[in-house]
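Have a look at final_6.txt; it's compact mmCIF, N, CA and C atoms:
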# COMPACT_ATOMS: atom_id res chain seq x y z
N MET A 56 -20.37 8.52 -3.96
CA MET A 56 -19.86 9.60 -4.77
C MET A 56 -19.18 9.00 -6.00
N LEU A 57 -19.39 9.63 -7.13
CA LEU A 57 -18.78 9.18 -8.38
C LEU A 57 -17.98 10.33 -8.97
N THR A 58 -16.71 10.09 -9.23
CA THR A 58 -15.85 11.07 -9.88
C THR A 58 -15.08 10.36 -10.97
N GLY A 59 -14.45 11.12 -11.84
CA GLY A 59 -13.64 10.50 -12.87
C GLY A 59 -13.53 11.33 -14.11
N LEU A 60 -13.08 10.68 -15.15
CA LEU A 60 -12.91 11.32 -16.46
C LEU A 60 -13.67 10.50 -17.50
N LEU A 61 -14.36 11.22 -18.39
CA LEU A 61 -15.08 10.56 -19.48
C LEU A 61 -14.51 11.05 -20.79
N GLY A 62 -14.19 10.12 -21.68
CA GLY A 62 -13.76 10.50 -23.01
C GLY A 62 -14.98 10.92 -23.83
N SER A 63 -14.79 11.85 -24.72
CA SER A 63 -15.91 12.24 -25.59
C SER A 63 -16.27 11.04 -26.46
N PRO A 64 -17.52 10.97 -26.93
CA PRO A 64 -17.90 9.85 -27.80
C PRO A 64 -17.02 9.72 -29.03
N ALA A 65 -16.45 10.81 -29.49
CA ALA A 65 -15.56 10.75 -30.66
C ALA A 65 -14.28 9.98 -30.35
N LEU A 66 -13.93 9.92 -29.09
CA LEU A 66 -12.75 9.18 -28.65
C LEU A 66 -13.22 7.79 -28.22
N ASN A 67 -13.22 6.85 -29.17
CA ASN A 67 -13.72 5.52 -28.84
C ASN A 67 -12.76 4.45 -29.32
N ARG A 68 -12.97 3.23 -28.85
CA ARG A 68 -12.07 2.12 -29.14
C ARG A 68 -12.86 0.92 -29.64
N SER A 69 -12.16 -0.07 -30.16
CA SER A 69 -12.80 -1.28 -30.67
C SER A 69 -12.98 -2.33 -29.58
N ALA A 70 -12.46 -2.08 -28.39
CA ALA A 70 -12.61 -3.00 -27.26
C ALA A 70 -12.85 -2.21 -25.98
N ALA A 71 -13.41 -2.86 -25.00
CA ALA A 71 -13.73 -2.19 -23.73
C ALA A 71 -12.53 -2.11 -22.79
N SER A 72 -11.34 -2.31 -23.32
CA SER A 72 -10.14 -2.34 -22.47
C SER A 72 -9.73 -0.96 -21.94
N HIS A 73 -10.39 0.10 -22.38
CA HIS A 73 -10.06 1.43 -21.89
C HIS A 73 -11.12 1.96 -20.92
N LEU A 74 -11.81 1.04 -20.26
CA LEU A 74 -12.72 1.39 -19.17
C LEU A 74 -12.01 1.03 -17.87
N TYR A 75 -11.66 2.03 -17.11
CA TYR A 75 -10.96 1.82 -15.84
C TYR A 75 -11.91 2.21 -14.72
N THR A 76 -12.23 1.26 -13.86
CA THR A 76 -13.17 1.52 -12.79
C THR A 76 -12.54 1.17 -11.45
N TYR A 77 -12.78 2.04 -10.49
CA TYR A 77 -12.26 1.88 -9.14
C TYR A 77 -13.42 1.99 -8.16
N VAL A 78 -13.48 1.07 -7.22
CA VAL A 78 -14.50 1.11 -6.17
C VAL A 78 -13.77 1.21 -4.84
N ASN A 79 -14.05 2.29 -4.14
CA ASN A 79 -13.39 2.56 -2.85
C ASN A 79 -11.87 2.47 -2.97
N GLY A 80 -11.35 3.01 -4.07
CA GLY A 80 -9.91 3.08 -4.30
C GLY A 80 -9.29 1.83 -4.88
N ARG A 81 -10.07 0.78 -5.09
CA ARG A 81 -9.55 -0.50 -5.59
C ARG A 81 -9.93 -0.66 -7.06
N PHE A 82 -8.93 -0.97 -7.90
CA PHE A 82 -9.22 -1.22 -9.31
C PHE A 82 -10.05 -2.49 -9.43
N VAL A 83 -11.16 -2.40 -10.17
CA VAL A 83 -12.03 -3.57 -10.37
C VAL A 83 -12.48 -3.64 -11.82
N ARG A 84 -12.81 -4.85 -12.23
CA ARG A 84 -13.47 -5.11 -13.51
C ARG A 84 -14.85 -5.62 -13.14
N ASP A 85 -15.82 -4.72 -13.09
CA ASP A 85 -17.15 -5.10 -12.64
C ASP A 85 -18.17 -4.97 -13.77
N ARG A 86 -18.95 -6.02 -13.98
CA ARG A 86 -19.93 -6.04 -15.06
C ARG A 86 -21.05 -5.02 -14.85
N VAL A 87 -21.45 -4.82 -13.62
CA VAL A 87 -22.53 -3.86 -13.33
C VAL A 87 -22.10 -2.45 -13.73
N ILE A 88 -20.92 -2.05 -13.30
CA ILE A 88 -20.44 -0.70 -13.62
C ILE A 88 -20.15 -0.58 -15.11
N GLN A 89 -19.51 -1.58 -15.70
CA GLN A 89 -19.21 -1.51 -17.13
C GLN A 89 -20.49 -1.43 -17.96
N HIS A 90 -21.50 -2.20 -17.59
CA HIS A 90 -22.77 -2.15 -18.32
C HIS A 90 -23.40 -0.77 -18.18
N ALA A 91 -23.34 -0.19 -17.00
CA ALA A 91 -23.90 1.15 -16.78
C ALA A 91 -23.21 2.18 -17.66
N ILE A 92 -21.88 2.09 -17.76
CA ILE A 92 -21.13 3.03 -18.60
C ILE A 92 -21.52 2.84 -20.06
N LEU A 93 -21.57 1.59 -20.51
CA LEU A 93 -21.92 1.32 -21.91
C LEU A 93 -23.34 1.77 -22.22
N GLU A 94 -24.26 1.60 -21.30
CA GLU A 94 -25.64 2.06 -21.50
C GLU A 94 -25.69 3.59 -21.62
N ALA A 95 -24.88 4.27 -20.82
CA ALA A 95 -24.86 5.73 -20.87
C ALA A 95 -24.38 6.23 -22.23
N TYR A 96 -23.44 5.52 -22.84
CA TYR A 96 -22.88 5.91 -24.13
C TYR A 96 -23.65 5.30 -25.31
N ARG A 97 -24.59 4.41 -25.04
CA ARG A 97 -25.20 3.56 -26.08
C ARG A 97 -25.66 4.32 -27.32
N THR A 98 -26.39 5.39 -27.18
CA THR A 98 -26.90 6.11 -28.35
C THR A 98 -25.87 7.07 -28.95
N LEU A 99 -24.71 7.17 -28.31
CA LEU A 99 -23.69 8.11 -28.75
C LEU A 99 -22.55 7.45 -29.52
N LEU A 100 -22.50 6.12 -29.47
CA LEU A 100 -21.43 5.38 -30.16
C LEU A 100 -22.03 4.40 -31.16
N GLU A 101 -21.25 4.10 -32.19
CA GLU A 101 -21.66 3.08 -33.14
C GLU A 101 -21.56 1.71 -32.47
N LYS A 102 -22.24 0.73 -33.04
CA LYS A 102 -22.16 -0.63 -32.50
C LYS A 102 -20.72 -1.12 -32.55
N ARG A 103 -20.37 -1.91 -31.55
CA ARG A 103 -19.03 -2.49 -31.40
C ARG A 103 -17.94 -1.43 -31.22
N ARG A 104 -18.30 -0.26 -30.72
CA ARG A 104 -17.34 0.76 -30.34
C ARG A 104 -17.52 1.01 -28.85
N TYR A 105 -16.41 1.30 -28.16
CA TYR A 105 -16.44 1.41 -26.70
C TYR A 105 -15.80 2.73 -26.25
N PRO A 106 -16.30 3.30 -25.18
CA PRO A 106 -15.77 4.58 -24.69
C PRO A 106 -14.47 4.40 -23.93
N VAL A 107 -13.85 5.54 -23.66
CA VAL A 107 -12.69 5.62 -22.79
C VAL A 107 -13.16 6.35 -21.54
N ALA A 108 -12.98 5.72 -20.39
CA ALA A 108 -13.44 6.35 -19.15
C ALA A 108 -12.63 5.84 -17.97
N VAL A 109 -12.48 6.71 -16.98
CA VAL A 109 -11.87 6.36 -15.71
C VAL A 109 -12.84 6.84 -14.64
N LEU A 110 -13.40 5.91 -13.88
CA LEU A 110 -14.39 6.27 -12.86
C LEU A 110 -13.97 5.78 -11.49
N PHE A 111 -14.24 6.60 -10.50
CA PHE A 111 -13.96 6.29 -9.11
C PHE A 111 -15.28 6.35 -8.35
N LEU A 112 -15.74 5.20 -7.88
CA LEU A 112 -16.99 5.11 -7.13
C LEU A 112 -16.67 4.85 -5.67
N ASP A 113 -17.13 5.74 -4.81
CA ASP A 113 -16.92 5.58 -3.37
C ASP A 113 -18.26 5.25 -2.72
N LEU A 114 -18.31 4.11 -2.06
CA LEU A 114 -19.52 3.64 -1.38
C LEU A 114 -19.18 3.26 0.06
N PRO A 115 -20.19 3.25 0.92
CA PRO A 115 -19.95 2.73 2.28
C PRO A 115 -19.47 1.27 2.17
N PRO A 116 -18.49 0.87 2.97
CA PRO A 116 -17.93 -0.49 2.87
C PRO A 116 -18.96 -1.60 2.98
N GLN A 117 -20.01 -1.40 3.75
CA GLN A 117 -21.02 -2.45 3.90
C GLN A 117 -21.86 -2.65 2.64
N MET A 118 -21.73 -1.76 1.66
CA MET A 118 -22.48 -1.88 0.40
C MET A 118 -21.70 -2.69 -0.65
N VAL A 119 -20.44 -3.03 -0.35
CA VAL A 119 -19.58 -3.70 -1.33
C VAL A 119 -18.91 -4.92 -0.72
N ASP A 120 -18.99 -6.06 -1.40
CA ASP A 120 -18.27 -7.26 -0.99
C ASP A 120 -17.07 -7.41 -1.91
N VAL A 121 -15.87 -7.24 -1.35
CA VAL A 121 -14.65 -7.34 -2.17
C VAL A 121 -14.07 -8.75 -2.15
N ASN A 122 -14.67 -9.66 -1.43
CA ASN A 122 -14.15 -11.02 -1.30
C ASN A 122 -14.79 -11.99 -2.29
N VAL A 123 -15.08 -11.51 -3.50
CA VAL A 123 -15.71 -12.33 -4.52
C VAL A 123 -14.69 -13.12 -5.30
N HIS A 124 -13.52 -12.55 -5.52
CA HIS A 124 -12.50 -13.15 -6.36
C HIS A 124 -11.16 -13.08 -5.62
N PRO A 125 -10.32 -14.10 -5.74
CA PRO A 125 -9.03 -14.10 -5.02
C PRO A 125 -8.15 -12.89 -5.31
N THR A 126 -8.20 -12.37 -6.53
CA THR A 126 -7.34 -11.21 -6.86
C THR A 126 -7.98 -9.89 -6.47
N LYS A 127 -9.22 -9.94 -5.97
CA LYS A 127 -9.96 -8.74 -5.53
C LYS A 127 -10.29 -7.80 -6.68
N HIS A 128 -10.25 -8.28 -7.92
CA HIS A 128 -10.59 -7.43 -9.07
C HIS A 128 -12.07 -7.47 -9.39
N GLU A 129 -12.82 -8.28 -8.65
CA GLU A 129 -14.26 -8.33 -8.83
C GLU A 129 -14.91 -8.01 -7.50
N VAL A 130 -16.06 -7.34 -7.57
CA VAL A 130 -16.81 -7.00 -6.37
C VAL A 130 -18.26 -7.39 -6.58
N ARG A 131 -18.99 -7.41 -5.48
CA ARG A 131 -20.43 -7.63 -5.54
C ARG A 131 -21.09 -6.52 -4.73
N PHE A 132 -22.08 -5.88 -5.33
CA PHE A 132 -22.78 -4.80 -4.66
C PHE A 132 -24.02 -5.32 -3.96
N ARG A 133 -24.30 -4.76 -2.82
CA ARG A 133 -25.49 -5.15 -2.07
C ARG A 133 -26.75 -4.79 -2.84
N GLU A 134 -26.75 -3.64 -3.50
CA GLU A 134 -27.89 -3.19 -4.30
C GLU A 134 -27.41 -2.90 -5.72
N GLN A 135 -27.24 -3.97 -6.51
CA GLN A 135 -26.66 -3.84 -7.85
C GLN A 135 -27.45 -2.90 -8.75
N GLN A 136 -28.76 -3.02 -8.78
CA GLN A 136 -29.57 -2.19 -9.67
C GLN A 136 -29.45 -0.72 -9.32
N ARG A 137 -29.40 -0.43 -8.04
CA ARG A 137 -29.27 0.96 -7.60
C ARG A 137 -27.92 1.54 -8.01
N VAL A 138 -26.85 0.76 -7.86
CA VAL A 138 -25.52 1.21 -8.27
C VAL A 138 -25.50 1.42 -9.78
N HIS A 139 -26.04 0.47 -10.52
CA HIS A 139 -26.10 0.56 -11.99
C HIS A 139 -26.82 1.84 -12.42
N ASP A 140 -27.99 2.06 -11.87
CA ASP A 140 -28.79 3.23 -12.26
C ASP A 140 -28.10 4.54 -11.90
N PHE A 141 -27.43 4.57 -10.75
CA PHE A 141 -26.71 5.76 -10.33
C PHE A 141 -25.57 6.08 -11.28
N VAL A 142 -24.75 5.07 -11.59
CA VAL A 142 -23.60 5.28 -12.49
C VAL A 142 -24.10 5.67 -13.88
N MET A 143 -25.08 4.95 -14.40
CA MET A 143 -25.58 5.25 -15.73
C MET A 143 -26.15 6.68 -15.80
N GLY A 144 -26.93 7.05 -14.82
CA GLY A 144 -27.53 8.39 -14.81
C GLY A 144 -26.50 9.49 -14.72
N ALA A 145 -25.49 9.30 -13.85
CA ALA A 145 -24.45 10.33 -13.69
C ALA A 145 -23.63 10.47 -14.96
N VAL A 146 -23.21 9.36 -15.54
CA VAL A 146 -22.41 9.41 -16.77
C VAL A 146 -23.24 10.01 -17.90
N ARG A 147 -24.45 9.56 -18.05
CA ARG A 147 -25.31 10.04 -19.14
C ARG A 147 -25.54 11.55 -19.03
N SER A 148 -25.81 12.03 -17.83
CA SER A 148 -26.07 13.47 -17.67
C SER A 148 -24.85 14.30 -18.04
N ARG A 149 -23.66 13.82 -17.71
CA ARG A 149 -22.45 14.54 -18.09
C ARG A 149 -22.22 14.49 -19.59
N LEU A 150 -22.50 13.36 -20.20
CA LEU A 150 -22.32 13.24 -21.65
C LEU A 150 -23.27 14.15 -22.41
N LEU A 151 -24.42 14.40 -21.84
CA LEU A 151 -25.40 15.26 -22.49
C LEU A 151 -25.15 16.73 -22.22
N GLY A 152 -24.04 17.03 -21.56
CA GLY A 152 -23.61 18.41 -21.44
C GLY A 152 -24.01 19.14 -20.19
N GLU A 153 -24.43 18.47 -19.16
CA GLU A 153 -24.79 19.16 -17.93
C GLU A 153 -23.54 19.50 -17.14
N THR A 154 -23.12 20.74 -17.20
CA THR A 154 -21.98 21.26 -16.46
C THR A 154 -20.72 20.44 -16.65
N VAL A 155 -20.34 20.21 -17.89
CA VAL A 155 -19.11 19.46 -18.18
C VAL A 155 -17.93 20.42 -18.16
N ALA A 156 -16.91 20.05 -17.41
CA ALA A 156 -15.69 20.85 -17.37
C ALA A 156 -14.56 20.02 -17.95
N THR A 157 -13.80 20.60 -18.85
CA THR A 157 -12.69 19.88 -19.45
C THR A 157 -11.45 20.07 -18.57
N VAL A 158 -10.84 18.95 -18.18
CA VAL A 158 -9.66 19.00 -17.33
C VAL A 158 -8.70 17.90 -17.72
N ARG A 159 -7.47 18.05 -17.32
CA ARG A 159 -6.49 16.97 -17.45
C ARG A 159 -6.52 16.17 -16.17
N ALA A 160 -6.16 14.91 -16.25
CA ALA A 160 -6.17 14.03 -15.07
C ALA A 160 -5.29 14.62 -13.96
N GLU A 161 -4.11 15.11 -14.33
CA GLU A 161 -3.20 15.66 -13.32
C GLU A 161 -3.81 16.88 -12.63
N ASP A 162 -4.52 17.72 -13.39
CA ASP A 162 -5.14 18.90 -12.81
C ASP A 162 -6.25 18.54 -11.84
N ALA A 163 -6.87 17.38 -12.05
CA ALA A 163 -7.96 16.94 -11.18
C ALA A 163 -7.43 16.16 -9.98
N GLY A 164 -6.11 16.00 -9.88
CA GLY A 164 -5.53 15.27 -8.77
C GLY A 164 -5.66 13.77 -8.91
N ILE A 165 -5.88 13.28 -10.13
CA ILE A 165 -6.05 11.86 -10.37
C ILE A 165 -4.76 11.30 -10.96
N HIS A 166 -4.22 10.30 -10.33
CA HIS A 166 -2.99 9.67 -10.80
C HIS A 166 -3.35 8.29 -11.34
N LEU A 167 -3.22 8.12 -12.64
CA LEU A 167 -3.59 6.88 -13.30
C LEU A 167 -2.44 5.88 -13.26
N PRO A 168 -2.79 4.57 -13.22
CA PRO A 168 -1.72 3.58 -13.29
C PRO A 168 -1.06 3.63 -14.66
N PRO A 169 0.24 3.31 -14.75
CA PRO A 169 0.90 3.35 -16.06
C PRO A 169 0.25 2.36 -17.02
N GLN A 170 0.04 2.81 -18.24
CA GLN A 170 -0.56 1.98 -19.28
C GLN A 170 0.32 2.06 -20.52
N PRO A 171 0.32 1.03 -21.36
CA PRO A 171 1.18 1.04 -22.54
C PRO A 171 0.75 2.06 -23.59
N THR A 172 -0.50 2.47 -23.60
CA THR A 172 -0.97 3.46 -24.56
C THR A 172 -1.58 4.64 -23.82
N ALA A 173 -1.64 5.77 -24.48
CA ALA A 173 -2.24 6.96 -23.87
C ALA A 173 -3.71 6.71 -23.63
N LEU A 174 -4.21 7.14 -22.47
CA LEU A 174 -5.61 6.93 -22.13
C LEU A 174 -6.52 7.81 -22.97
N ALA A 175 -6.20 9.08 -23.06
CA ALA A 175 -7.08 9.99 -23.79
C ALA A 175 -6.36 11.30 -24.06
N ASN A 176 -6.82 11.98 -25.06
CA ASN A 176 -6.36 13.34 -25.31
C ASN A 176 -6.98 14.21 -24.22
N PRO A 177 -6.20 14.92 -23.41
CA PRO A 177 -6.76 15.71 -22.33
C PRO A 177 -7.84 16.69 -22.77
N ALA A 178 -7.78 17.16 -24.01
CA ALA A 178 -8.79 18.08 -24.50
C ALA A 178 -10.13 17.40 -24.74
N GLU A 179 -10.14 16.05 -24.76
CA GLU A 179 -11.37 15.33 -25.03
C GLU A 179 -11.87 14.57 -23.81
N THR A 180 -11.50 15.02 -22.60
CA THR A 180 -11.97 14.35 -21.40
C THR A 180 -12.88 15.27 -20.62
N ALA A 181 -13.84 14.69 -19.95
CA ALA A 181 -14.76 15.46 -19.12
C ALA A 181 -14.74 14.91 -17.71
N ARG A 182 -14.70 15.78 -16.74
CA ARG A 182 -14.70 15.35 -15.35
C ARG A 182 -16.13 15.28 -14.87
N ILE A 183 -16.46 14.22 -14.16
CA ILE A 183 -17.77 14.14 -13.55
C ILE A 183 -17.60 14.20 -12.06
N GLY A 184 -18.58 14.72 -11.38
CA GLY A 184 -18.57 14.73 -9.91
C GLY A 184 -18.02 15.98 -9.35
As structure tokens, the full file:
Amino acid sequence: MLTGLLGSPALNRSAASHLYTYVNGRFVRDRVIQHAILEAYRTLLEKRRYPVAVLFLDLPPQMVDVNVHPTKHEVRFREQQRVHDFVMGAVRSRLLGETVATVRAEDAGIHLPPQPTALANPAETARIG
């Protein structure tokens, strides 16, 4: 299952530091998921611009190896291509307007970790899932 918030393409940044991804409740920096998100936004953003997104991916534990890095911020998927295609397809379909609902993170029951800058204007976020 994939849930989260997607910033509109108009809400973009000069670095990928505003991509927050969680796998089975654990914050991770995963290249497969980040690439999938960037591919979904690819035709919607200018070059060297990055989206703002918070995604929560829930998978069966046997599909994810969390023992890749000592800090547990990296994971390895049993079926990387399948995970990539699923995330990219889900994000892309929401960006193209398939049943997008505008919500605030608090209204969706999502509690974000404290960050030094605002994640997104609530009016420019879309919930997926």
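A straight line drawn from CA of Val107 (chain A) to atom N of Ile92 (chain A) is 11.1 Å long.
Remark: for Asp140 (chain A), the closest of the candidate residues A:Val87, A:Lys102, A:Leu112, A:Arg97 is A:Val87 (distances computed over all atoms listed in the file).
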Report, in Å with one decimal, the straight-line distance from atom N of Leu151 (chain A) to CA of Asn67 (chain A).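 Computing the Euclidean distance for atom N of Leu151 (chain A) and CA of Asn67 (chain A) yields 15.6 Å.
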Computed interatomic separation between atom C of Arg133 (chain A) and atom N of Ala71 (chain A) (Å): 25.9 Å
When distances are computed from all atoms listed in the file, which of A:Ala95, A:Leu61, A:Met143, A:Ala108 shows the smallest separation from Thr76 (chain A)?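 The shortest atom-to-atom distance to Thr76 (chain A) comes from A:Ala108.
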